[in-house]
Amino acid sequence: MSWTVWTEEIPAQTVLDMPVDLRRSTVNFLRALAIEAGGAVDLGRQPPGDAMDEFEIRYSLEIPGESVIIEYMIMRDAKEIRVPVLVWFH
């Protein structure tokens with residue numbers, strides 16, 4: 001089973017409110033994050049971003065070249081990257 005990405009309601013609405021080009025790059029980044037972070041977890045490596053807790057479940061990172069910061073959680077059992085926080089500085 002491959003890894004998926006899921007956003008909470010407020011981050012999803014934030015993405016929908018973005019200009020089309022930024023929305024597209026943000027969605028593409030989140031899809032790639034699921035592949036990269038999931039692959040890292042499967043291999044026992046550190047996922048991208050800065051760990052926000054001692055359990056290595058919650059991480060934060062900035063989308064390169066964009067004014068967007070996300071916090072994501074690794075849901076190992078579900079093989080899911082969950083995005084509860086997405087901040088767009090505009």
# chains A, B, ... in the order shown; residues from 1 in each chain; ligands from 1

$ closest_atom_pairs --of "range 2-30 of chain A" --to "range 59-62 of chain A" --cutoff "12 Å" --atoms "only C-alpha atoms" --output "Markdown table"
| residue | atom | partner | partner_atom | distance |
| --- | --- | --- | --- | --- |
| A:Thr26 | CA | A:Glu62 | CA | 10.6 |
| A:Phe29 | CA | A:Glu62 | CA | 10.4 |
| A:Leu30 | CA | A:Leu61 | CA | 11.3 |

$ residues_around --residues "range 6-20 of chain A" --least-positions-apart "2" --cutoff "6 Å" --atoms "only C-alpha atoms" --output "list of chain:residue names"
A:Leu22, A:Arg23, A:Arg82, A:Val83, A:Pro84, A:Val85, A:Leu86

$ atom_distance --atom1 "CA of Lys79 in chain A" --atom2 "CA of Gln46 in chain A"
15.3 Å

$ closest_residue --among "A:Phe89, A:Val41, A:Pro48, A:Trp3" --to "Val68 in chain A" --atoms "only C-alpha atoms"
A:Phe89

$ residues_around --residues "Asn28 in chain A" --least-positions-apart "6" --cutoff "12 Å" --atoms "only C-alpha atoms" --output "list in words"
Val5, Val15, Asp21, Leu22, Ala34, Ile35 and Ile63 of chain A

$ write_last_selection --atoms "all heavy atoms" --output "PDB file, in the first residue's frame"
ATOM      1  N   VAL A   5      -1.723  11.496   1.281  1.00  0.00           N
ATOM      2  CA  VAL A   5      -1.729  12.742   2.044  1.00  0.00           C
ATOM      3  C   VAL A   5      -3.183  13.166   2.228  1.00  0.00           C
ATOM      4  O   VAL A   5      -4.001  13.001   1.331  1.00  0.00           O
ATOM      5  CB  VAL A   5      -0.890  13.841   1.354  1.00  0.00           C
ATOM      6  CG1 VAL A   5      -1.474  14.242   0.019  1.00  0.00           C
ATOM      7  CG2 VAL A   5      -0.716  15.037   2.256  1.00  0.00           C
ATOM      8  N   VAL A  15      -5.798  26.136   0.826  1.00  0.00           N
ATOM      9  CA  VAL A  15      -5.265  25.790  -0.496  1.00  0.00           C
ATOM     10  C   VAL A  15      -6.243  26.222  -1.583  1.00  0.00           C
ATOM     11  O   VAL A  15      -5.846  26.787  -2.606  1.00  0.00           O
ATOM     12  CB  VAL A  15      -4.950  24.279  -0.590  1.00  0.00           C
ATOM     13  CG1 VAL A  15      -4.587  23.885  -2.015  1.00  0.00           C
ATOM     14  CG2 VAL A  15      -3.824  23.906   0.368  1.00  0.00           C
ATOM     15  N   ASP A  21      -1.768  29.089  -9.651  1.00  0.00           N
ATOM     16  CA  ASP A  21      -0.391  28.572  -9.742  1.00  0.00           C
ATOM     17  C   ASP A  21       0.139  28.124  -8.385  1.00  0.00           C
ATOM     18  O   ASP A  21       0.787  27.078  -8.275  1.00  0.00           O
ATOM     19  CB  ASP A  21       0.546  29.608 -10.350  1.00  0.00           C
ATOM     20  CG  ASP A  21       0.308  29.815 -11.838  1.00  0.00           C
ATOM     21  OD1 ASP A  21      -0.349  28.945 -12.457  1.00  0.00           O
ATOM     22  OD2 ASP A  21       0.767  30.833 -12.373  1.00  0.00           O
ATOM     23  N   LEU A  22      -0.125  28.908  -7.360  1.00  0.00           N
ATOM     24  CA  LEU A  22       0.318  28.539  -6.015  1.00  0.00           C
ATOM     25  C   LEU A  22      -0.434  27.299  -5.530  1.00  0.00           C
ATOM     26  O   LEU A  22       0.153  26.413  -4.910  1.00  0.00           O
ATOM     27  CB  LEU A  22       0.124  29.699  -5.035  1.00  0.00           C
ATOM     28  CG  LEU A  22       0.527  29.442  -3.591  1.00  0.00           C
ATOM     29  CD1 LEU A  22       1.998  29.014  -3.492  1.00  0.00           C
ATOM     30  CD2 LEU A  22       0.260  30.671  -2.738  1.00  0.00           C
ATOM     31  N   ALA A  34       4.060  13.047   0.486  1.00  0.00           N
ATOM     32  CA  ALA A  34       3.568  11.719   0.880  1.00  0.00           C
ATOM     33  C   ALA A  34       4.520  10.630   0.403  1.00  0.00           C
ATOM     34  O   ALA A  34       4.834   9.695   1.147  1.00  0.00           O
ATOM     35  CB  ALA A  34       2.162  11.484   0.324  1.00  0.00           C
ATOM     36  N   ILE A  35       5.008  10.773  -0.810  1.00  0.00           N
ATOM     37  CA  ILE A  35       5.943   9.778  -1.356  1.00  0.00           C
ATOM     38  C   ILE A  35       7.274   9.825  -0.609  1.00  0.00           C
ATOM     39  O   ILE A  35       7.802   8.793  -0.187  1.00  0.00           O
ATOM     40  CB  ILE A  35       6.141  10.013  -2.864  1.00  0.00           C
ATOM     41  CG1 ILE A  35       4.828   9.757  -3.611  1.00  0.00           C
ATOM     42  CG2 ILE A  35       7.268   9.134  -3.409  1.00  0.00           C
ATOM     43  CD1 ILE A  35       4.826  10.246  -5.045  1.00  0.00           C
ATOM     44  N   ILE A  63       7.417  25.181   2.197  1.00  0.00           N
ATOM     45  CA  ILE A  63       7.457  24.782   0.797  1.00  0.00           C
ATOM     46  C   ILE A  63       8.488  25.677   0.112  1.00  0.00           C
ATOM     47  O   ILE A  63       8.333  26.905   0.111  1.00  0.00           O
ATOM     48  CB  ILE A  63       6.070  24.905   0.141  1.00  0.00           C
ATOM     49  CG1 ILE A  63       5.089  23.939   0.819  1.00  0.00           C
ATOM     50  CG2 ILE A  63       6.163  24.621  -1.356  1.00  0.00           C
ATOM     51  CD1 ILE A  63       3.676  23.998   0.290  1.00  0.00           C
TER      52      ILE A  63
END

$ residues_around --residues "Gly38 in chain A" --least-positions-apart "5" --cutoff "10 Å" --atoms "only C-alpha atoms" --output "number ranges by chain"
A: 2-5, 32-33, 43-45, 47-48, 74-76, 79-81
